[in-house]
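These notes are about the structure you will find just below.
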Amino acid sequence: MSKIESGLYQLGRLDRLAAQDTPIHRLDPRAKVVTTLVFLVCVVSFGKYQVLPMLPFALFPIVLAGEGNLPLGYLARKLVVVAPFAVVVGVFNPFLDRAVMVQMFGFGLSGGWVSFASILIRFTLTTSAALVLIGTTSFNGVCMALERLGAPDVFATQLLFLYRYIFVLGEEAVSMTRARSLRSFGGRGMSLRVYALMMGHLLLRTYDRAHRVYLAMLSRGFDGQIRVMRRLNLGVRDVVFTLGWCAVFAVFRVYNVPLVLGQTITRAIS
Amino acid sequence: MSHHSIEVSELGFAYPDGPAVLDGVSFRITHGESVAVVGANGAGKSTLLMHLNGVLTPLSGTVRIGDVPVTRTTLPDIRKTVGMVFQDPDDQLFMPTVSEDVAFGPLNLGLPPEDVQARVRDALTQVGHLDLADRPPYRLSGGEKRAVAIATVLAMYPSILVMDEPSSSLDPRARRRVIELLRSFSHTKIIATHDLDLALDVCGRTIVLSSGTVIADGRTVDIFRDDVLLERSGLEQPMSMQSCPACGAVPATLP
């Protein structure tokens with residue numbers, strides 16, 4: 001299987017996971033989107049050198065993944081794939097910021113290392129929350145929720161089409177790559193020049209197809225607005241879910257839970 | 001009902017900076033007729049079909065659906081009346097799930113959600129694939145995609161069905177199902193195809209296009225018996241009319 005093919009397959013897997021039927025999957029998409037947004041804002045709002053108070057937030061993606069029957073190994077692999085971006089963002093911090101912040105076991109931990117860790121944790125929390133959201137709600141569910149929450153129509157439509165056409169474009173790319181590798185013996189024909197020509201060709205093919213799709217849409221009365229059958233209804237469970245988690249986030253955000261916990265335990269022992 | 005008829009007169013069309021694709025095409029199709037449009041590749045079949053619901057605008061001549069001429073202002077009405085099934089189902093299925101795709105047309109007609117749901121169920125039942133309702137279209141097999149693409153058009157309750165190559169790239173059983181399906185429709189049908197057996201099974205009348213002009217128009221059986229005509233338009237007699245390649249038996253005479 002080529003890289004593109006397995007990529008498509010992986011995307012499809014997230015789709016299949018989202019099609020499961022668990023209490024988390026049954027929640028209204030809007031409830032999950034809003035809760036995740038609050039989660040993201042809370043996590044991102046922490047200071048550059050704060051590490052400890054962020055840790056309790058891991059509870060949210062872990063609980064949801066568990067309840068939503070998402071395999072943690074799969075999520076972890078996805079995280080590792082995207083991790084290099086976060087690493088690149090933070091990797092120079094230890095070199096630039098050498099002021100010692102914490103003394104631990106005789107070592108001086110510089111501010112750079114602390115902020116690097118903070119970036120990595122932030123990345124892990126936000127990305128896994130986004131993955132869990134899509135894995136329990138489906139991409140389309142998220143788009144629909146965004147639209148219902150007041151995001152512009154065009155925005156939701158574009159997202160929807162983007163996702164749908166990743167598969168069309170991907171399949172075209174797969175068949176072109178296969179045709180090329182079948183006829184390029186011992187690496188000949190794999191040159192950059194051929195690659196550039198193929199990219200151009202892929203663009204033209206996609207353009208052609210987009211045109212045909214547009215004609216098909218016009219034929220069914222498309223007038224620039226996508227209408228979707230609305231099957232969303234916000235129930236008590238959804239509200240409880242959202243408010244409950246938001247309350248938890250607020251506590252985590254305001255109190256340094258690990259610190260408070262540690263102090264309480266120390267006091268109890270002494 | 002008069003809006004079930006199609007009247008094409010002296011239709012001419014050329015793509016920008018190209019030679020004429022259609023040159024003086026005229027015919028009239030009446031209510032309930034089922035007509036095949038056949039011809040070699042590049043004869044202008046698809047271009048002709050695209051004029052029937054106003055996707056293309058004629059350079060010369062006119063197209064009328066019932067009493068209504070196809071013009072810019074009548075397009076919404078025309079597209080409600082004429083349902084078009086495209087050659088490649090992937091072009092037609094763009095919504096995330098099958099049921100949403102089937103609902104796309106009826107929702108654009110401005111129908112209330114309950115009616116839309118009823119139509120979706122109805123259309124999917126007609127093509128025998130209610131079970132696919134919640135599946136994403138890109139995960140279906142070729143035959144399923146084709147059936148769903150037909151359902152997306154049926155859900156708009158068109159009076160006229162226009163189809164481009166409904167049996168292309170299907171396995172024999174899927175093809176047979178599509179043929180049975182087409183036979184079960186009472187709509188006025190116009191079908192462009194290379195599958196002459198399908199034309200013979202589904203369409204009583206055939207129009208032969210060659211280089212953008214109509215070179216024959218008549219009963220399907222008569223046209224397919226005319227070897228010279230078929231040869232001239234790049235076609236071959238349908239298998240069911242040829243003598244058996246294994247035993248040499250001559251097919252039973254058709255009406």
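How things are named: the first chain in the structure tokens is A, the next is B, and so on; residues count from 1 in each chain; ligands count from 1 in the order shown.
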Find the residues of chain B that sit at most 9 Å from chain A; for each, write down the nearest two atoms and how far apart they are in Å, to one decimal. Count only C-alpha atoms. Sort by chain, then by number going up, and give it as a Markdown table.
| residue | atom | partner | partner_atom | distance |
| --- | --- | --- | --- | --- |
| B:Asn53 | CA | A:Ser219 | CA | 7.2 |
| B:Gly54 | CA | A:Ser219 | CA | 8.5 |
| B:Val55 | CA | A:Leu215 | CA | 6.8 |
| B:Pro76 | CA | A:Gly221 | CA | 6.7 |
| B:Arg79 | CA | A:Ser219 | CA | 5.9 |
| B:Lys80 | CA | A:Gly221 | CA | 7.5 |
| B:Val82 | CA | A:Ser219 | CA | 8.5 |
| B:Gly83 | CA | A:Ser219 | CA | 7.4 |
| B:Met84 | CA | A:Ser219 | CA | 6.7 |
| B:Val85 | CA | A:Ala216 | CA | 8.2 |
| B:Phe86 | CA | A:Ala216 | CA | 7.2 |
| B:Asp90 | CA | A:Val213 | CA | 8.2 |
| B:Asp91 | CA | A:Val213 | CA | 4.6 |
| B:Gln92 | CA | A:Ala216 | CA | 5.5 |
| B:Leu93 | CA | A:Val213 | CA | 8.2 |
| B:Phe94 | CA | A:Arg164 | CA | 6.8 |
| B:Met95 | CA | A:Arg164 | CA | 7.3 |
| B:Pro96 | CA | A:Arg164 | CA | 6.6 |
| B:Glu100 | CA | A:Val228 | CA | 6.9 |
| B:Ala103 | CA | A:Met229 | CA | 7.5 |
| B:Phe104 | CA | A:Arg227 | CA | 7.0 |
| B:Gly105 | CA | A:Arg220 | CA | 4.8 |
| B:Pro106 | CA | A:Arg220 | CA | 8.2 |
| B:Leu107 | CA | A:Arg227 | CA | 6.2 |
| B:Asn108 | CA | A:Gly221 | CA | 5.6 |
| B:Leu109 | CA | A:Gly221 | CA | 6.9 |
| B:Pro113 | CA | A:Met229 | CA | 6.4 |
| B:Val116 | CA | A:Met229 | CA | 8.2 |
| B:Gln117 | CA | A:Met229 | CA | 8.3 |
| B:Tyr138 | CA | A:Phe167 | CA | 7.5 |
| B:Thr152 | CA | A:Arg220 | CA | 8.6 |
| B:Val153 | CA | A:Arg220 | CA | 7.5 |
| B:Met156 | CA | A:Arg220 | CA | 7.9 |
- Query: Looking only at the backbone, which of the residues in range 99-216 of chain B does DSSP tag as strand (DSSP E), as a ChimeraX atom specification?
  - Reply: /B:160-164,188-192,205-210,213-216
Would you write out those residues with N, CA and C atoms, as a compact mmCIF listing (two decimals), in the first residue's frame?
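Full text of out-v2.txt as output:
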# COMPACT_ATOMS: atom_id res chain seq x y z
N ILE B 160 -39.24 13.81 -16.27
CA ILE B 160 -38.40 13.29 -17.33
C ILE B 160 -37.06 12.87 -16.73
N LEU B 161 -36.60 11.69 -17.10
CA LEU B 161 -35.30 11.23 -16.63
C LEU B 161 -34.31 11.27 -17.79
N VAL B 162 -33.19 11.92 -17.57
CA VAL B 162 -32.13 11.96 -18.58
C VAL B 162 -30.93 11.23 -18.00
N MET B 163 -30.42 10.23 -18.73
CA MET B 163 -29.32 9.45 -18.17
C MET B 163 -28.18 9.32 -19.15
N ASP B 164 -26.97 9.47 -18.62
CA ASP B 164 -25.78 9.34 -19.46
C ASP B 164 -25.10 8.03 -19.08
N THR B 188 -40.90 9.69 -18.65
CA THR B 188 -40.33 9.86 -19.98
C THR B 188 -38.82 9.71 -19.81
N LYS B 189 -38.20 8.85 -20.62
CA LYS B 189 -36.77 8.60 -20.41
C LYS B 189 -35.99 8.90 -21.68
N ILE B 190 -34.82 9.46 -21.49
CA ILE B 190 -33.90 9.61 -22.61
C ILE B 190 -32.52 9.17 -22.11
N ILE B 191 -31.99 8.15 -22.76
CA ILE B 191 -30.80 7.47 -22.25
C ILE B 191 -29.72 7.44 -23.32
N ALA B 192 -28.58 8.06 -23.00
CA ALA B 192 -27.44 7.95 -23.92
C ALA B 192 -26.66 6.71 -23.52
N ARG B 205 -37.65 3.31 -28.76
CA ARG B 205 -37.23 4.16 -29.87
C ARG B 205 -35.76 4.51 -29.70
N THR B 206 -35.07 4.66 -30.83
CA THR B 206 -33.65 4.99 -30.79
C THR B 206 -33.33 6.12 -31.75
N ILE B 207 -32.49 7.02 -31.26
CA ILE B 207 -31.99 8.10 -32.12
C ILE B 207 -30.49 7.87 -32.30
N VAL B 208 -30.04 7.83 -33.56
CA VAL B 208 -28.62 7.61 -33.81
C VAL B 208 -27.96 8.93 -34.15
N LEU B 209 -26.93 9.28 -33.38
CA LEU B 209 -26.18 10.52 -33.63
C LEU B 209 -24.86 10.16 -34.29
N SER B 210 -24.46 10.97 -35.25
CA SER B 210 -23.14 10.80 -35.83
C SER B 210 -22.60 12.18 -36.17
N THR B 213 -25.06 15.12 -35.85
CA THR B 213 -26.36 15.18 -36.51
C THR B 213 -27.11 13.87 -36.30
N VAL B 214 -28.43 13.97 -36.40
CA VAL B 214 -29.27 12.77 -36.27
C VAL B 214 -29.25 12.05 -37.62
N ILE B 215 -28.73 10.81 -37.66
CA ILE B 215 -28.73 10.11 -38.94
C ILE B 215 -29.82 9.04 -39.00
N ALA B 216 -30.41 8.73 -37.87
CA ALA B 216 -31.54 7.82 -37.91
C ALA B 216 -32.38 8.02 -36.66
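When CA of Gly66 in chain A is paired with CA of Leu234 in chain A, their separation reads 23.0 Å.
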- Contacts of Gly7 in chain A at 12 Å or less, counting only C-alpha atoms, minus same-chain residues fewer than 3 places along, as a VMD selection string? chain A and resid 1 to 4 10 to 14 78 81 166 to 167 170 to 171 173 to 174
- Message: Which residues are close to Asn233 in chain A, i.e. within 12 Å by only C-alpha atoms, leaving aside same-chain residues fewer than 4 positions away? Reply as a ChimeraX atom specification.
- Response: /A:26-31,145,148,237-239
- Can you list, as a ChimeraX atom specification, every residue of range 88-226 of chain B that DSSP puts in alpha helix (DSSP H)? /B:89-92,98-108,113-126,142-154,172-184,196-202,220-225
- Item | All residues 12 Å or closer to Ser184 in chain B, only C-alpha atoms, same chain fewer than 3 positions away omitted, as a PyMOL selection string | chain B and resi 34+126-127+177-181+187-189+201-203
Export C-alpha atoms of the chosen residues as a compact mmCIF listing (two decimals), in the first residue's frame?
# COMPACT_ATOMS: atom_id res chain seq x y z
CA SER B 34 -38.36 5.80 -23.64
CA GLN B 126 -37.35 2.26 -5.29
CA VAL B 127 -33.74 1.51 -6.14
CA ARG B 177 -30.44 -4.59 -11.93
CA VAL B 178 -30.10 -1.12 -13.45
CA ILE B 179 -31.90 -2.33 -16.56
CA GLU B 180 -34.74 -3.80 -14.49
CA LEU B 181 -34.90 -0.56 -12.54
CA HIS B 187 -41.13 8.52 -16.56
CA THR B 188 -40.33 9.86 -19.98
CA LYS B 189 -36.77 8.60 -20.41
CA ASP B 201 -34.43 -3.87 -23.42
CA VAL B 202 -35.48 -0.47 -22.15
CA CYS B 203 -36.14 1.82 -25.11
- Could you give me, as number ranges by chain, the residues within 8 Å of range 144-148 of chain B, counting only C-alpha atoms and dropping anything in the same chain fewer than 5 positions from it? B: 89-90, 98, 102, 124, 127, 129, 137, 166, 178
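A straight line drawn from CA of Pro112 in chain B to CA of Ala133 in chain B is 19.1 Å long.
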- Query: Hey, what's within 10 Å of Val89 in chain A if we count only C-alpha atoms and toss same-chain stuff fewer than 3 positions away? As a ChimeraX atom specification, please?
  - Reply: /A:84-86,92-93,116,119-120
